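Below is one structure, written out as structure tokens; the observations come after it.
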Amino acid sequence: MLDLRRLPLSRKQLLSIGQATARINLWHGSVRSGKTIASLLAFVIAVATAGPSGLIIIVGRSLQTIERNVLEPLQDRALFGPLARHVVHTRGATTAVILGRTVHLIGAADARAEGRLRGLTAQLAYVDEATLLPEAFWTQLLARLSVPGARLYATTNPDSPRHWLKVQYLDRIAKLDMREWHFKLADNPSLSAEYVANLTAEYTGLWRKRMIEGAWVVAEGAIYSEWDEDRHVVTELPAMRRQWVGIDYGTTNPFAAILLGLGVDGRLYACAEWRYDGRKTHRAMTDAQYSTAVRKWLDTLDVTPEWTFIDPSAKSFIAQLWQDGHPGVARADNTVADGIRSVASLLAADRLVVHASCTGLLSEMPGYSWDPKATERGEDKPLKVNDHSCDAIRYAVHSTAHEWRHLLTARPKEAARG
């Protein structure tokens with residue numbers, strides 16, 4: 001009935017279908033990347049071999065999206081050949097029949113949908129666009145998959161790196177009975193090279209990361225929408241004419257220090273980074289210990305910065321640095337909106353780049369985003385989540401704006417002379 005050899009599937013699609021034997025199986029990645037077809041085939045094979053006990057469920061944002069994204073493709077003879085006639089559904093009905101088995105269709109538009117799962121015992125579930133589901137519904141669905149050998153098959157486009165599916169599942173996959181497959185646009189063998197090239201050219205920056213490369217980055221509401229690792233990350237540094245440090249102080253939150261340099265080529269560089277997270281180590285550091293650690297870090301780099309700009313609210317730490325004779329201690333200019341504009345203008349002009357060793361900053365930049373609730377009130381306010389290295393570089397950049405502002409309008413040779 002279903003001969004996979006006759007279908008135009010990539011090796012990655014075939015491997016994912018054969019390996020989808022975990023309790024949670026997730027296909028994620030860019031649009032039109034082939035992940036949905038692979039996940040549907042794996043699900044149909046599971047339906048064909050399912051035992052008699054336990055319900056089979058398909059979940060989506062709504063009944064209409066289930067019909068459009070799941071049932072209609074399964075009924076497409078061009079895609080699934082003879083299998084298509086074994087998928088029977090009346091539009092608007094809450095059940096379908098696949099290979100003779102009754103399949104229950106559940107829309108999960110909001111948290112109230114969780115109640116539709118109460119009392120159910122399921123053996124198979126397919127979830128369309130998992131990131132659009134409420135977390136409580138997903139958790140309840142997993143609890144209802146209680147038949148021995150029960151499995152969940154899910155597909156989604158990427159979302160924010162702070163999304164619950166990313167943080168609670170993908171980031172913890174080593175601790176779970178879970179498998180995942182990441183697809184990029186180029187992984188779909190049925191797309192023409194011309195179509196791939198055209199679609200790739202239509203997206204830039206973070207949207208390209210999400211929609212073409214399938215990366216979990218924030219695109220909507222992104223503060224630094226200009227950020228592009230291909231343009232803004234380097235593995236080598238030129239000689240530096242001037243250097244400063246920006247520090248975001250934290251005790252229970254991470255402590256982040258960024259070394260900012262003005263290169264002989266007229267660009268600013270995030271040259272190095274030092275971070276400490278007391279939550280991860282379960283050991284908080286004192287101001288004196290932080291002062292010593294920063295000094296050792298700078299000694300290792302053989303750098304004495306002209307100024308060290310610190311979060312002005314960290315009064316005790318500033319006092320500690322003064323006491324320890326740290327050179328050039330200064331309160332950072334913490335005008336948030338203006339500081340963000342300073343960093344954004346440098347990124348847009350390709351005048352600010354980040355060394356690949358600054359892993360904390362590189363992990364935060366794509367997800368640094370505006371607070372939507374503040375936006376509704378007409379305020380420009382960043383979300384205070386995973387922003388410690390972003391704050392540190394903002395302190396250093398904005399506090400030295402008078403030193404580099406001319407770079408934005410200077411031609412390359414003039415900028416290098418500075």
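Starting from 1 in every chain, residues are counted up; chains themselves are A, B, ... following the order of the structure tokens, and ligands are numbered from 1 as listed.
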>> List the spatial neighbours of Ile56 of chain A as a ChimeraX atom specification - criterion: any atom at most 12 Å away, only C-alpha atoms, same-chain residues fewer than 2 positions off excluded.
In response: /A:43-44,46-54,58-59,95-106,120-127,141,144-147,150-153
Those residues you just picked out, can you put them in a file as a CSV table (one decimal), in the first residue's frame with N, CA and C atoms?
```
chain,number,residue,atom,x,y,z
A,43,PHE,N,3.8,8.8,11.1
A,43,PHE,CA,2.6,8.6,11.8
A,43,PHE,C,1.7,7.6,11.2
A,44,VAL,N,1.5,7.6,9.9
A,44,VAL,CA,0.7,6.6,9.2
A,44,VAL,C,1.2,5.2,9.4
A,46,ALA,N,2.8,4.2,11.9
A,46,ALA,CA,2.5,3.8,13.3
A,46,ALA,C,1.0,3.4,13.4
A,47,VAL,N,0.1,4.1,12.7
A,47,VAL,CA,-1.3,3.8,12.7
A,47,VAL,C,-1.5,2.4,12.2
A,48,ALA,N,-0.8,2.1,11.1
A,48,ALA,CA,-1.0,0.7,10.5
A,48,ALA,C,-0.6,-0.4,11.4
A,49,THR,N,0.4,-0.1,12.3
A,49,THR,CA,0.9,-1.2,13.2
A,49,THR,C,0.4,-1.0,14.6
A,50,ALA,N,-0.5,-0.1,14.9
A,50,ALA,CA,-1.0,0.2,16.3
A,50,ALA,C,-1.9,-1.0,16.8
A,51,GLY,N,-1.8,-1.2,18.1
A,51,GLY,CA,-2.6,-2.2,18.7
A,51,GLY,C,-4.0,-1.7,18.9
A,52,PRO,N,-4.9,-2.6,19.4
A,52,PRO,CA,-6.3,-2.2,19.5
A,52,PRO,C,-6.7,-1.3,20.7
A,53,SER,N,-5.8,-1.2,21.7
A,53,SER,CA,-6.2,-0.4,22.9
A,53,SER,C,-5.6,1.0,22.8
A,54,GLY,N,-6.4,2.0,23.3
A,54,GLY,CA,-5.9,3.4,23.3
A,54,GLY,C,-6.3,4.1,22.0
A,58,ILE,N,-5.2,13.3,16.5
A,58,ILE,CA,-4.5,14.3,15.7
A,58,ILE,C,-4.9,15.7,16.3
A,59,VAL,N,-3.9,16.5,16.6
A,59,VAL,CA,-4.1,17.8,17.3
A,59,VAL,C,-3.6,18.9,16.4
A,95,THR,N,-13.9,13.4,13.7
A,95,THR,CA,-13.2,12.2,13.6
A,95,THR,C,-12.8,11.9,12.1
A,96,ALA,N,-11.8,11.1,11.9
A,96,ALA,CA,-11.5,10.7,10.5
A,96,ALA,C,-11.2,9.2,10.6
A,97,VAL,N,-11.1,8.6,9.5
A,97,VAL,CA,-10.7,7.2,9.4
A,97,VAL,C,-9.5,7.0,8.6
A,98,ILE,N,-8.4,6.5,9.2
A,98,ILE,CA,-7.1,6.3,8.5
A,98,ILE,C,-6.8,4.8,8.6
A,99,LEU,N,-6.7,4.2,7.4
A,99,LEU,CA,-6.4,2.8,7.3
A,99,LEU,C,-7.3,1.9,8.2
A,100,GLY,N,-8.6,2.3,8.2
A,100,GLY,CA,-9.6,1.6,8.9
A,100,GLY,C,-9.7,1.9,10.4
A,101,ARG,N,-8.8,2.8,10.9
A,101,ARG,CA,-8.8,3.1,12.3
A,101,ARG,C,-9.5,4.5,12.5
A,102,THR,N,-10.3,4.6,13.5
A,102,THR,CA,-10.9,5.9,13.9
A,102,THR,C,-9.9,6.8,14.5
A,103,VAL,N,-9.8,8.0,14.0
A,103,VAL,CA,-8.8,9.0,14.6
A,103,VAL,C,-9.6,10.2,15.0
A,104,HIS,N,-9.3,10.6,16.3
A,104,HIS,CA,-10.0,11.8,16.9
A,104,HIS,C,-9.3,13.1,16.6
A,105,LEU,N,-10.0,14.1,16.2
A,105,LEU,CA,-9.4,15.4,15.8
A,105,LEU,C,-9.7,16.4,16.9
A,106,ILE,N,-8.7,17.0,17.4
A,106,ILE,CA,-8.8,18.0,18.5
A,106,ILE,C,-8.2,19.3,18.2
A,120,LEU,N,-9.1,10.7,28.7
A,120,LEU,CA,-8.7,9.9,27.6
A,120,LEU,C,-7.5,9.0,27.9
A,121,THR,N,-7.4,7.9,27.2
A,121,THR,CA,-6.2,7.1,27.2
A,121,THR,C,-5.8,6.9,25.7
A,122,ALA,N,-4.6,7.3,25.4
A,122,ALA,CA,-4.2,7.3,24.0
A,122,ALA,C,-3.0,6.5,23.8
A,123,GLN,N,-2.8,6.0,22.5
A,123,GLN,CA,-1.6,5.3,22.2
A,123,GLN,C,-0.8,6.0,21.1
A,124,LEU,N,-1.4,6.8,20.3
A,124,LEU,CA,-0.7,7.6,19.3
A,124,LEU,C,-1.3,9.0,19.2
A,125,ALA,N,-0.4,10.0,19.0
A,125,ALA,CA,-0.9,11.3,18.8
A,125,ALA,C,0.0,12.0,17.8
A,126,TYR,N,-0.6,12.8,16.9
A,126,TYR,CA,0.1,13.6,15.9
A,126,TYR,C,-0.2,15.1,16.2
A,127,VAL,N,0.8,15.9,16.3
A,127,VAL,CA,0.6,17.3,16.6
A,127,VAL,C,1.1,18.2,15.5
A,141,LEU,N,-1.5,16.2,27.1
A,141,LEU,CA,-1.5,15.2,26.1
A,141,LEU,C,-0.4,14.1,26.3
A,144,ARG,N,-1.7,11.7,28.8
A,144,ARG,CA,-2.7,10.8,28.3
A,144,ARG,C,-2.2,9.7,27.4
A,145,LEU,N,-0.9,9.8,27.0
A,145,LEU,CA,-0.3,8.8,26.2
A,145,LEU,C,0.3,7.7,27.1
A,146,SER,N,-0.6,6.9,27.7
A,146,SER,CA,-0.2,6.0,28.8
A,146,SER,C,-0.2,4.6,28.4
A,147,VAL,N,-0.7,4.2,27.2
A,147,VAL,CA,-0.6,2.8,26.7
A,147,VAL,C,0.9,2.5,26.5
A,150,ALA,N,3.3,3.9,23.8
A,150,ALA,CA,2.7,5.1,23.2
A,150,ALA,C,3.7,6.1,22.6
A,151,ARG,N,3.3,6.8,21.5
A,151,ARG,CA,4.2,7.7,20.9
A,151,ARG,C,3.5,9.0,20.5
A,152,LEU,N,4.3,10.0,20.5
A,152,LEU,CA,3.8,11.3,20.0
A,152,LEU,C,4.6,11.7,18.8
A,153,TYR,N,4.0,12.2,17.7
A,153,TYR,CA,4.7,12.7,16.5
A,153,TYR,C,4.3,14.1,16.4
```
>> Need the shell around Glu364 of chain A: protein/DNA/RNA residues with any atom at most 12 Å away, counting only C-alpha atoms. Skip same-chain ones fewer than 6 positions apart. Format as a count of residues only?
In response: 23
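The environment of Ala270 of chain A within 6 Å, counting only C-alpha atoms and disregarding residues fewer than 4 places along the same chain, consists of Leu259, Leu260, Val354 and His355 of chain A.
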Restricting the output to C-alpha atoms, write the selected residues as a PDB file, in the first residue's frame.
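Written file, result.pdb:
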```pdb
ATOM      1  CA  LEU A 259      35.802  43.612  26.232  1.00  0.00           C
ATOM      2  CA  LEU A 260      35.077  46.146  23.487  1.00  0.00           C
ATOM      3  CA  VAL A 354      31.559  39.904  17.687  1.00  0.00           C
ATOM      4  CA  HIS A 355      34.354  37.392  18.149  1.00  0.00           C
TER       5      HIS A 355
END
```
>> I'd like the neighbourhood of Gly246 of chain A as number ranges by chain, where a residue qualifies if any of its atoms comes within 6 Å (using only C-alpha atoms), though same-chain residues fewer than 2 positions away should be ignored.
In response: A: 257-258, 308-310, 392-393, 395-396
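When DSSP reads the backbone of this structure, the residues of segment 18-75 of chain A it assigns to strand (DSSP E or B) are Ile24, Asn25, Leu26, Trp27, His28, Gly29, Leu55, Ile56, Ile57, Ile58, Val59 and Gly60 of chain A.
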> Tyr249 of chain A: which residues within 7 Å, counting only C-alpha atoms, same-chain residues fewer than 6 positions away excluded, as a list of chain:residue names?
Replying inline: A:Phe255, A:Ala256, A:Asp311, A:Ala314
>> From a backbone DSSP assignment, name each residue in segment 40-96 of chain A labelled helix (DSSP H, G or I), as a ChimeraX atom specification.
In response: /A:40-48,63-74,77-86
Please tabulate, as a tab-separated table, the residues of segment 19-119 of chain A that come within 8 Å of segment 171-187 of chain A, each with its closest pair of atoms and the distance in Å to one decimal, counting only C-alpha atoms and ordering rows by chain, then residue number upward.
```
residue	atom	partner	partner_atom	distance
A:Ala20	CA	A:Arg179	CA	7.0
A:Ala22	CA	A:Met178	CA	5.3
A:Arg23	CA	A:Asp177	CA	5.5
A:Ile24	CA	A:Met178	CA	4.6
A:Asn25	CA	A:Arg179	CA	5.0
A:Leu26	CA	A:Glu180	CA	4.7
A:Trp27	CA	A:Trp181	CA	5.0
A:His28	CA	A:His182	CA	5.1
A:Gly29	CA	A:Phe183	CA	4.6
A:Ser30	CA	A:Lys184	CA	5.3
A:Val31	CA	A:Leu185	CA	6.6
A:Arg32	CA	A:Leu185	CA	6.1
A:Ser33	CA	A:Leu185	CA	4.3
A:Gly34	CA	A:Asp187	CA	6.9
A:Lys35	CA	A:Phe183	CA	6.4
```
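With distances restricted to only C-alpha atoms, A:Phe137 is the closest residue to Arg61 of chain A from A:Phe137, A:Phe80, A:Val397, A:Arg295.
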> Counting only C-alpha atoms, what is within 9 Å of Leu132 of chain A, bar same-chain residues fewer than 6 positions away, as number ranges by chain?
Replying inline: A: 60-61, 108-109, 156
> Val303 of chain A: which residues within 10 Å, counting only C-alpha atoms, same-chain residues fewer than 3 positions away excluded, as a PyMOL selection string?
Replying inline: chain A and resi 243-244+259+295+297-300+306
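Taking atom CA of Val245 of chain A and atom CA of Ala337 of chain A as endpoints, the distance between them is 20.1 Å.
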